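Visitor: Below is the file my_file-v1.pdb, which contains PDB, C-alpha atoms, pLDDT in the B column.
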```pdb
ATOM      1  CA  MET A  27      -2.630   5.353  26.361  1.00 58.00           C
ATOM      2  CA  THR A  28      -2.912   2.206  24.253  1.00 62.00           C
ATOM      3  CA  HIS A  29      -0.898  -0.655  25.736  1.00 63.00           C
ATOM      4  CA  ILE A  30       0.801  -2.864  23.172  1.00 60.00           C
ATOM      5  CA  PRO A  31       2.666  -5.968  24.358  1.00 56.00           C
ATOM      6  CA  PRO A  32       6.448  -5.765  23.810  1.00 53.00           C
ATOM      7  CA  ARG A  33       7.823  -7.504  20.715  1.00 48.00           C
ATOM      8  CA  GLN A  34      11.124  -7.694  18.896  1.00 52.00           C
ATOM      9  CA  PRO A  35      11.652  -4.692  16.597  1.00 54.00           C
ATOM     10  CA  ASP A  36      10.328  -5.397  13.094  1.00 67.00           C
ATOM     11  CA  SER A  37       9.611  -8.986  14.036  1.00 84.00           C
ATOM     12  CA  PHE A  38       8.345 -11.274  11.262  1.00 86.00           C
ATOM     13  CA  GLN A  39       4.690 -12.195  11.889  1.00 88.00           C
ATOM     14  CA  PRO A  40       3.526 -14.627   9.181  1.00 89.00           C
ATOM     15  CA  LEU A  41       0.169 -15.413  10.814  1.00 92.00           C
ATOM     16  CA  ALA A  42      -0.743 -11.732  11.124  1.00 92.00           C
ATOM     17  CA  GLY A  43       0.344 -11.125   7.527  1.00 92.00           C
ATOM     18  CA  ILE A  44      -1.753 -14.000   6.174  1.00 94.00           C
ATOM     19  CA  LEU A  45      -4.782 -12.874   8.186  1.00 94.00           C
ATOM     20  CA  ALA A  46      -4.292  -9.332   6.855  1.00 94.00           C
ATOM     21  CA  ILE A  47      -4.390 -10.720   3.307  1.00 95.00           C
ATOM     22  CA  LEU A  48      -7.574 -12.689   4.026  1.00 95.00           C
ATOM     23  CA  LEU A  49      -9.575  -9.724   5.335  1.00 94.00           C
ATOM     24  CA  PRO A  50      -8.619  -6.047   5.783  1.00 94.00           C
ATOM     25  CA  GLY A  51      -7.748  -5.314   9.412  1.00 92.00           C
ATOM     26  CA  LEU A  52      -7.728  -8.941  10.573  1.00 93.00           C
ATOM     27  CA  GLY A  53      -3.937  -9.079  10.904  1.00 93.00           C
ATOM     28  CA  TYR A  54      -3.910  -6.577  13.757  1.00 94.00           C
ATOM     29  CA  PHE A  55      -6.208  -8.826  15.783  1.00 92.00           C
ATOM     30  CA  ALA A  56      -3.455 -11.464  15.640  1.00 91.00           C
ATOM     31  CA  LEU A  57      -1.028  -8.787  16.876  1.00 92.00           C
ATOM     32  CA  ARG A  58      -3.395  -8.121  19.811  1.00 91.00           C
ATOM     33  CA  GLN A  59      -4.217  -4.618  18.620  1.00 92.00           C
ATOM     34  CA  PRO A  60      -8.017  -4.694  18.264  1.00 93.00           C
ATOM     35  CA  LYS A  61      -8.409  -0.914  18.122  1.00 94.00           C
ATOM     36  CA  ARG A  62      -5.892  -0.632  15.276  1.00 94.00           C
ATOM     37  CA  ALA A  63      -7.594  -3.587  13.559  1.00 95.00           C
ATOM     38  CA  VAL A  64     -10.972  -1.864  13.584  1.00 96.00           C
ATOM     39  CA  LEU A  65      -9.550   1.530  12.582  1.00 96.00           C
ATOM     40  CA  THR A  66      -7.698  -0.068   9.655  1.00 95.00           C
ATOM     41  CA  GLY A  67     -10.332  -2.555   8.522  1.00 95.00           C
ATOM     42  CA  ALA A  68     -13.443  -0.381   8.780  1.00 96.00           C
ATOM     43  CA  PRO A  69     -12.312   2.431   6.421  1.00 97.00           C
ATOM     44  CA  ILE A  70     -10.871  -0.066   3.899  1.00 97.00           C
ATOM     45  CA  LEU A  71     -14.142  -2.010   3.870  1.00 96.00           C
ATOM     46  CA  ALA A  72     -16.048   1.299   3.674  1.00 97.00           C
ATOM     47  CA  LEU A  73     -13.987   2.274   0.603  1.00 96.00           C
ATOM     48  CA  ILE A  74     -14.872  -1.053  -1.036  1.00 96.00           C
ATOM     49  CA  LEU A  75     -18.561  -0.703  -0.150  1.00 96.00           C
ATOM     50  CA  MET A  76     -18.746   2.873  -1.405  1.00 95.00           C
ATOM     51  CA  GLY A  77     -16.926   1.975  -4.626  1.00 95.00           C
ATOM     52  CA  LEU A  78     -19.474  -0.773  -5.251  1.00 94.00           C
ATOM     53  CA  LEU A  79     -22.397   1.505  -4.438  1.00 93.00           C
ATOM     54  CA  ILE A  80     -21.103   4.258  -6.738  1.00 92.00           C
ATOM     55  CA  GLY A  81     -20.163   2.159  -9.764  1.00 90.00           C
ATOM     56  CA  GLY A  82     -21.863  -1.168  -9.111  1.00 90.00           C
ATOM     57  CA  LEU A  83     -20.129  -4.537  -9.408  1.00 91.00           C
ATOM     58  CA  ASP A  84     -18.823  -3.485 -12.829  1.00 90.00           C
ATOM     59  CA  VAL A  85     -15.942  -1.578 -11.187  1.00 92.00           C
ATOM     60  CA  VAL A  86     -14.168  -4.852 -10.314  1.00 93.00           C
ATOM     61  CA  ASN A  87     -13.502  -6.171 -13.784  1.00 89.00           C
ATOM     62  CA  ARG A  88     -10.635  -8.578 -14.378  1.00 91.00           C
ATOM     63  CA  ALA A  89     -11.374  -8.951 -18.095  1.00 90.00           C
ATOM     64  CA  ASP A  90     -11.777  -5.331 -19.210  1.00 89.00           C
ATOM     65  CA  ALA A  91      -9.751  -3.467 -16.583  1.00 90.00           C
ATOM     66  CA  TYR A  92      -6.932  -5.906 -15.851  1.00 93.00           C
ATOM     67  CA  TRP A  93      -4.341  -3.435 -14.535  1.00 95.00           C
ATOM     68  CA  TRP A  94      -6.855  -1.758 -12.226  1.00 94.00           C
ATOM     69  CA  PHE A  95      -7.928  -5.199 -11.029  1.00 95.00           C
ATOM     70  CA  LEU A  96      -4.313  -6.063 -10.286  1.00 95.00           C
ATOM     71  CA  VAL A  97      -4.100  -3.152  -7.806  1.00 95.00           C
ATOM     72  CA  GLN A  98      -7.564  -3.956  -6.446  1.00 95.00           C
ATOM     73  CA  CYS A  99      -6.204  -7.410  -5.548  1.00 95.00           C
ATOM     74  CA  GLY A 100      -4.592  -5.655  -2.574  1.00 94.00           C
ATOM     75  CA  ILE A 101      -7.889  -6.203  -0.743  1.00 95.00           C
ATOM     76  CA  GLY A 102      -7.237  -9.950  -0.900  1.00 93.00           C
ATOM     77  CA  PRO A 103      -9.563 -12.790  -1.951  1.00 95.00           C
ATOM     78  CA  LEU A 104     -12.481 -10.357  -1.757  1.00 94.00           C
ATOM     79  CA  ALA A 105     -11.384  -8.953  -5.146  1.00 95.00           C
ATOM     80  CA  PHE A 106     -11.663 -12.377  -6.794  1.00 95.00           C
ATOM     81  CA  LEU A 107     -15.019 -12.974  -5.094  1.00 96.00           C
ATOM     82  CA  LEU A 108     -16.360  -9.627  -6.359  1.00 95.00           C
ATOM     83  CA  ASN A 109     -15.032 -10.338  -9.862  1.00 94.00           C
ATOM     84  CA  HIS A 110     -16.728 -13.747  -9.812  1.00 94.00           C
ATOM     85  CA  LEU A 111     -19.992 -12.127  -8.645  1.00 93.00           C
ATOM     86  CA  ARG A 112     -19.738  -9.561 -11.451  1.00 91.00           C
ATOM     87  CA  GLU A 113     -19.204 -12.301 -14.037  1.00 91.00           C
ATOM     88  CA  THR A 114     -22.196 -14.256 -12.699  1.00 92.00           C
ATOM     89  CA  VAL A 115     -24.483 -11.215 -12.639  1.00 89.00           C
ATOM     90  CA  ALA A 116     -23.263 -10.027 -16.063  1.00 89.00           C
ATOM     91  CA  ALA A 117     -23.940 -13.468 -17.525  1.00 89.00           C
ATOM     92  CA  ALA A 118     -27.481 -13.274 -16.172  1.00 87.00           C
ATOM     93  CA  GLY A 119     -27.873  -9.941 -17.960  1.00 83.00           C
ATOM     94  CA  THR A 120     -28.889  -7.943 -14.894  1.00 82.00           C
ATOM     95  CA  LEU A 121     -25.742  -5.797 -14.554  1.00 79.00           C
ATOM     96  CA  THR A 122     -25.740  -2.216 -15.815  1.00 81.00           C
ATOM     97  CA  PRO A 123     -22.243  -1.185 -16.962  1.00 81.00           C
ATOM     98  CA  ALA A 124     -20.795   1.859 -15.223  1.00 78.00           C
ATOM     99  CA  LEU A 125     -19.613   4.507 -17.646  1.00 81.00           C
ATOM    100  CA  ALA A 126     -17.390   7.594 -17.619  1.00 83.00           C
ATOM    101  CA  LYS A 127     -16.669   9.365 -14.295  1.00 87.00           C
ATOM    102  CA  VAL A 128     -18.872   7.033 -12.241  1.00 88.00           C
ATOM    103  CA  ASN A 129     -16.856   4.038 -13.430  1.00 90.00           C
ATOM    104  CA  GLU A 130     -13.578   5.859 -12.777  1.00 91.00           C
ATOM    105  CA  VAL A 131     -14.573   6.961  -9.267  1.00 93.00           C
ATOM    106  CA  GLY A 132     -15.925   3.526  -8.301  1.00 93.00           C
ATOM    107  CA  THR A 133     -12.790   1.822  -9.613  1.00 94.00           C
ATOM    108  CA  LEU A 134     -10.565   4.343  -7.853  1.00 95.00           C
ATOM    109  CA  TYR A 135     -12.301   3.752  -4.498  1.00 96.00           C
ATOM    110  CA  ILE A 136     -11.470   0.039  -4.601  1.00 96.00           C
ATOM    111  CA  VAL A 137      -7.970   0.726  -5.961  1.00 97.00           C
ATOM    112  CA  MET A 138      -7.344   2.984  -2.944  1.00 96.00           C
ATOM    113  CA  ALA A 139      -8.646   0.221  -0.659  1.00 96.00           C
ATOM    114  CA  GLY A 140      -6.240  -2.234  -2.318  1.00 96.00           C
ATOM    115  CA  MET A 141      -3.215   0.028  -1.914  1.00 96.00           C
ATOM    116  CA  LEU A 142      -4.030   0.860   1.712  1.00 96.00           C
ATOM    117  CA  ASN A 143      -4.552  -2.795   2.562  1.00 96.00           C
ATOM    118  CA  LEU A 144      -1.201  -3.591   0.954  1.00 96.00           C
ATOM    119  CA  ILE A 145       0.440  -1.156   3.401  1.00 95.00           C
ATOM    120  CA  ALA A 146      -1.428  -2.863   6.266  1.00 95.00           C
ATOM    121  CA  ILE A 147      -0.359  -6.328   5.028  1.00 95.00           C
ATOM    122  CA  ILE A 148       3.316  -5.301   4.928  1.00 94.00           C
ATOM    123  CA  ASP A 149       2.970  -3.707   8.370  1.00 93.00           C
ATOM    124  CA  CYS A 150       1.470  -6.918   9.768  1.00 93.00           C
ATOM    125  CA  PHE A 151       4.122  -9.166   8.215  1.00 91.00           C
ATOM    126  CA  PHE A 152       7.023  -7.015   9.440  1.00 90.00           C
ATOM    127  CA  HIS A 153       5.558  -5.494  12.532  1.00 82.00           C
ATOM    128  CA  ALA A 154       7.434  -2.749  14.356  1.00 71.00           C
ATOM    129  CA  THR A 155       7.016  -2.159  18.063  1.00 63.00           C
ATOM    130  CA  THR A 156       5.446   1.021  19.361  1.00 61.00           C
ATOM    131  CA  ASP A 157       8.888   2.309  20.387  1.00 61.00           C
ATOM    132  CA  ARG A 158      10.262   1.648  16.916  1.00 59.00           C
ATOM    133  CA  ARG A 159       7.282   3.398  15.308  1.00 63.00           C
ATOM    134  CA  ARG A 160       7.688   6.380  17.638  1.00 64.00           C
ATOM    135  CA  SER A 161      11.373   6.759  16.791  1.00 65.00           C
ATOM    136  CA  ALA A 162      10.511   6.658  13.077  1.00 62.00           C
ATOM    137  CA  THR A 163       8.254   9.735  13.306  1.00 60.00           C
ATOM    138  CA  PRO A 164      10.133  12.971  12.427  1.00 58.00           C
ATOM    139  CA  THR A 165       9.349  14.916  15.641  1.00 54.00           C
ATOM    140  CA  ALA A 166      10.081  12.085  18.063  1.00 48.00           C
ATOM    141  CA  GLY A 167      13.025  10.947  16.000  1.00 45.00           C
ATOM    142  CA  ALA A 168      14.617  14.395  16.289  1.00 45.00           C
ATOM    143  CA  ALA A 169      14.333  14.225  20.068  1.00 43.00           C
ATOM    144  CA  THR A 170      15.971  10.804  20.197  1.00 41.00           C
ATOM    145  CA  PRO A 171      19.762  11.055  20.569  1.00 39.00           C
TER     146      PRO A 171
ATOM    147  CA  MET B   9     -49.252   2.673 -11.909  1.00 44.00           C
ATOM    148  CA  ILE B  10     -47.920  -0.498 -13.494  1.00 48.00           C
ATOM    149  CA  HIS B  11     -45.771   1.597 -15.818  1.00 49.00           C
ATOM    150  CA  ALA B  12     -44.360   3.609 -12.904  1.00 45.00           C
ATOM    151  CA  ALA B  13     -43.036   0.553 -11.061  1.00 47.00           C
ATOM    152  CA  PRO B  14     -39.744   0.193 -12.994  1.00 47.00           C
ATOM    153  CA  THR B  15     -39.027   3.898 -12.442  1.00 48.00           C
ATOM    154  CA  LEU B  16     -39.531   3.564  -8.680  1.00 54.00           C
ATOM    155  CA  ILE B  17     -36.983   0.760  -8.478  1.00 63.00           C
ATOM    156  CA  ALA B  18     -34.631   2.416 -10.934  1.00 77.00           C
ATOM    157  CA  TRP B  19     -31.501   2.138  -8.832  1.00 81.00           C
ATOM    158  CA  ARG B  20     -30.516  -1.348  -7.719  1.00 86.00           C
ATOM    159  CA  PRO B  21     -27.549  -1.225  -5.294  1.00 86.00           C
ATOM    160  CA  PHE B  22     -24.408  -2.995  -6.585  1.00 84.00           C
ATOM    161  CA  LEU B  23     -26.050  -3.681  -9.962  1.00 85.00           C
ATOM    162  CA  ASP B  24     -26.634  -0.150 -11.236  1.00 86.00           C
ATOM    163  CA  PRO B  25     -24.151   2.723 -10.974  1.00 88.00           C
ATOM    164  CA  LEU B  26     -25.244   5.826  -9.100  1.00 86.00           C
ATOM    165  CA  ASP B  27     -26.229   8.822 -11.212  1.00 84.00           C
ATOM    166  CA  LEU B  28     -23.337  11.006 -10.052  1.00 83.00           C
ATOM    167  CA  HIS B  29     -22.195  12.288 -13.435  1.00 81.00           C
ATOM    168  CA  THR B  30     -22.523  15.936 -12.366  1.00 87.00           C
ATOM    169  CA  LEU B  31     -21.637  15.501  -8.688  1.00 89.00           C
ATOM    170  CA  TRP B  32     -18.813  12.955  -8.974  1.00 89.00           C
ATOM    171  CA  TRP B  33     -16.302  15.422  -7.491  1.00 90.00           C
ATOM    172  CA  LEU B  34     -18.147  15.294  -4.145  1.00 92.00           C
ATOM    173  CA  THR B  35     -16.964  11.695  -3.744  1.00 92.00           C
ATOM    174  CA  LEU B  36     -13.497  13.108  -3.049  1.00 93.00           C
ATOM    175  CA  ILE B  37     -14.494  14.022   0.517  1.00 95.00           C
ATOM    176  CA  PRO B  38     -15.473  10.541   1.830  1.00 95.00           C
ATOM    177  CA  MET B  39     -12.562   9.032  -0.087  1.00 95.00           C
ATOM    178  CA  ALA B  40     -10.124  11.455   1.557  1.00 96.00           C
ATOM    179  CA  LEU B  41     -11.635  10.672   4.974  1.00 97.00           C
ATOM    180  CA  PHE B  42     -11.400   6.888   4.586  1.00 97.00           C
ATOM    181  CA  VAL B  43      -7.878   7.055   3.131  1.00 97.00           C
ATOM    182  CA  ALA B  44      -6.759   9.225   6.065  1.00 97.00           C
ATOM    183  CA  MET B  45      -8.436   6.884   8.578  1.00 96.00           C
ATOM    184  CA  ALA B  46      -6.771   3.741   7.216  1.00 96.00           C
ATOM    185  CA  TYR B  47      -3.372   5.380   6.705  1.00 96.00           C
ATOM    186  CA  LYS B  48      -3.238   6.953  10.169  1.00 96.00           C
ATOM    187  CA  ALA B  49      -4.388   3.706  11.820  1.00 95.00           C
ATOM    188  CA  VAL B  50      -1.348   1.964  10.312  1.00 94.00           C
ATOM    189  CA  ARG B  51       1.133   4.811  10.631  1.00 92.00           C
ATOM    190  CA  LEU B  52       0.603   6.310  14.089  1.00 92.00           C
ATOM    191  CA  PRO B  53       2.703   4.812  16.909  1.00 90.00           C
ATOM    192  CA  GLU B  54      -0.133   5.414  19.379  1.00 90.00           C
ATOM    193  CA  LEU B  55      -3.783   6.018  18.639  1.00 90.00           C
ATOM    194  CA  ASP B  56      -4.442   8.659  21.290  1.00 91.00           C
ATOM    195  CA  ASP B  57      -4.302  11.533  18.806  1.00 92.00           C
ATOM    196  CA  TYR B  58      -5.925   9.524  16.014  1.00 94.00           C
ATOM    197  CA  TRP B  59      -9.008  11.604  15.124  1.00 96.00           C
ATOM    198  CA  ARG B  60      -7.124  14.914  15.102  1.00 96.00           C
ATOM    199  CA  SER B  61      -4.507  13.420  12.753  1.00 96.00           C
ATOM    200  CA  VAL B  62      -7.279  12.046  10.534  1.00 97.00           C
ATOM    201  CA  ALA B  63      -8.986  15.453  10.366  1.00 97.00           C
ATOM    202  CA  VAL B  64      -5.712  17.181   9.464  1.00 97.00           C
ATOM    203  CA  MET B  65      -4.839  14.639   6.753  1.00 97.00           C
ATOM    204  CA  THR B  66      -8.373  14.748   5.292  1.00 97.00           C
ATOM    205  CA  ALA B  67      -8.175  18.552   5.064  1.00 97.00           C
ATOM    206  CA  GLN B  68      -4.697  18.316   3.507  1.00 97.00           C
ATOM    207  CA  ILE B  69      -5.898  15.889   0.820  1.00 97.00           C
ATOM    208  CA  VAL B  70      -9.003  17.931  -0.047  1.00 96.00           C
ATOM    209  CA  LEU B  71      -7.104  21.235  -0.143  1.00 97.00           C
ATOM    210  CA  ALA B  72      -4.278  19.713  -2.205  1.00 97.00           C
ATOM    211  CA  MET B  73      -6.798  18.372  -4.739  1.00 95.00           C
ATOM    212  CA  ILE B  74      -8.502  21.786  -4.967  1.00 95.00           C
ATOM    213  CA  ALA B  75      -5.122  23.466  -5.479  1.00 97.00           C
ATOM    214  CA  LEU B  76      -4.164  20.912  -8.120  1.00 96.00           C
ATOM    215  CA  ALA B  77      -7.469  21.414  -9.952  1.00 94.00           C
ATOM    216  CA  ALA B  78      -7.033  25.193  -9.834  1.00 96.00           C
ATOM    217  CA  ALA B  79      -3.469  24.943 -11.143  1.00 96.00           C
ATOM    218  CA  LEU B  80      -4.508  22.664 -14.010  1.00 96.00           C
ATOM    219  CA  HIS B  81      -7.411  25.009 -14.813  1.00 95.00           C
ATOM    220  CA  LEU B  82      -5.015  27.953 -15.047  1.00 95.00           C
ATOM    221  CA  ILE B  83      -2.596  26.020 -17.249  1.00 95.00           C
ATOM    222  CA  ILE B  84      -5.294  24.813 -19.644  1.00 95.00           C
ATOM    223  CA  GLU B  85      -7.259  28.074 -19.824  1.00 94.00           C
ATOM    224  CA  PHE B  86      -4.407  30.592 -19.865  1.00 93.00           C
ATOM    225  CA  VAL B  87      -0.946  29.085 -20.333  1.00 92.00           C
ATOM    226  CA  VAL B  88      -1.732  26.681 -23.193  1.00 92.00           C
ATOM    227  CA  PRO B  89      -3.542  29.359 -25.295  1.00 91.00           C
ATOM    228  CA  LEU B  90      -0.529  31.638 -24.786  1.00 91.00           C
ATOM    229  CA  LEU B  91       1.848  28.925 -25.976  1.00 90.00           C
ATOM    230  CA  SER B  92      -0.292  28.103 -29.003  1.00 85.00           C
ATOM    231  CA  ARG B  93      -0.291  31.688 -30.329  1.00 80.00           C
TER     232      ARG B  93
END
```
Hey, can you dump this file as structure tokens for me?
Guide:
Amino acid sequence: MTHIPPRQPDSFQPLAGILAILLPGLGYFALRQPKRAVLTGAPILALILMGLLIGGLDVVNRADAYWWFLVQCGIGPLAFLLNHLRETVAAAGTLTPALAKVNEVGTLYIVMAGMLNLIAIIDCFFHATTDRRRSATPTAGAATP
Amino acid sequence: MIHAAPTLIAWRPFLDPLDLHTLWWLTLIPMALFVAMAYKAVRLPELDDYWRSVAVMTAQIVLAMIALAAALHLIIEFVVPLLSR
């Protein structure tokens, strides 16, 4: 059983929230939950990596896909770094634009990473204790008087 | 041999998109897996039952997408032609 140190229910954790914005999964390290940090950060980073491998750097495009980029910003400063890299590589003329389904899938991968990281950021900022989480689940909640 | 060199290095990771135009739908499976992993890591109160929950959610996502695709196929192929008569 994973031991999590007791905290106030839904306590405000600004440090954990800021760390979660900086890098996916990092906020849970501040909350002393390394296993949860790895299990949150690794799949989000894998989604970003796979999106980039499928569509190339062109899938993070602030200029041509602004609204998608806005959601991709959920991954934090990494989105701006990737957009800057894309602009640099595109200016050098070495970037092949992703078209059609490949562009859509690549973009969607990083959009999903952004939305999931946003959930993790909110969870780190307003962190609930294990007991509070357990009582929020439907089965355990039904058993609680 | 000199002419073959550009073909051998045709795909440059992160610079060129993958040629998945016919197999793009297969990317649903890893996406479903990673989404389930991240979501369950945040949502579960305790991580003891983590991998079973991830497997169940991955299967739910994939099956729901297949059902949605089948439903849309039926609507477009059969219902819309009926309505347009």
Visitor: Give me the residues within 9 Å of Leu121 of chain A as a compact mmCIF listing (two decimals) with C-alpha atoms, in the coordinates of the input, counting only C-alpha atoms and dropping any in the same chain fewer than 4 places off.
Guide:
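Resulting contents of selection36.txt:
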```
# COMPACT_ATOMS: atom_id res chain seq x y z
CA GLY A 82 -21.86 -1.17 -9.11
CA LEU A 83 -20.13 -4.54 -9.41
CA ASP A 84 -18.82 -3.48 -12.83
CA ARG A 112 -19.74 -9.56 -11.45
CA VAL A 115 -24.48 -11.22 -12.64
CA ALA A 116 -23.26 -10.03 -16.06
CA ALA A 117 -23.94 -13.47 -17.52
CA PHE B 22 -24.41 -3.00 -6.58
CA LEU B 23 -26.05 -3.68 -9.96
CA ASP B 24 -26.63 -0.15 -11.24
```
Visitor: How many Å lie between atom CA of Trp33 of chain B and atom CA of Gly132 of chain A, rounded to one decimal?
Guide: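 A separation of 11.9 Å between them.
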Visitor: Tell me as a VMD selection string which residues belonging to chain A come within 7 Å of chain B, counting only C-alpha atoms.
Guide: chain A and resid 27 to 28 62 65 to 66 69 to 70 73 78 to 83 121 to 122 124 127 to 128 135 142 146 156 159 to 160
Visitor: Work out how far atom CA of His110 of chain A is from atom CA of Ile44 of chain A, in Å to one decimal.
Guide: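 It comes out at 21.9 Å.
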Visitor: What does the distance from atom CA of Gln59 of chain A to atom CA of Ile145 of chain A come to in Å, to one decimal?
Guide: 16.3 Å
Visitor: Take every atom of segment 128-136 of chain A listed in the file, pad by 8 Å on each side, and give me the axis-aligned box centre and edge lengths in Å, one decimal, as JSON.
Guide:
```
{"center_x": -14.7, "center_y": 3.5, "center_z": -9.0, "size_x": 24.3, "size_y": 23.0, "size_z": 24.9}
```
Visitor: Please write the residues picked by the PyMOL selection byres ((chain A and resi 104) around 12) on this file as a ChimeraX atom specification.
Guide: /A:46-50,70-71,74-75,86,95,98-103,105-111,136,139-140,143
Visitor: Between A:Gly119, A:Ala68, A:Asn129, A:Arg58, which residue has the minimum interatomic distance to Asn87 of chain A, considering only C-alpha atoms?
Guide: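 Nearest to Asn87 of chain A: A:Asn129.
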Visitor: Could you write out as a PyMOL selection string the residues that the PyMOL selection byres ((chain A and resi 42) around 12) matches in the shown file?
Guide: chain A and resi 37-41+43-59+63+146-153
Visitor: Closest to Leu34 of chain B among B:Leu91, B:Trp19, B:His81, B:Met73, using all atoms listed in the file?
Guide: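 Selected residue with least distance to Leu34 of chain B: B:Met73.
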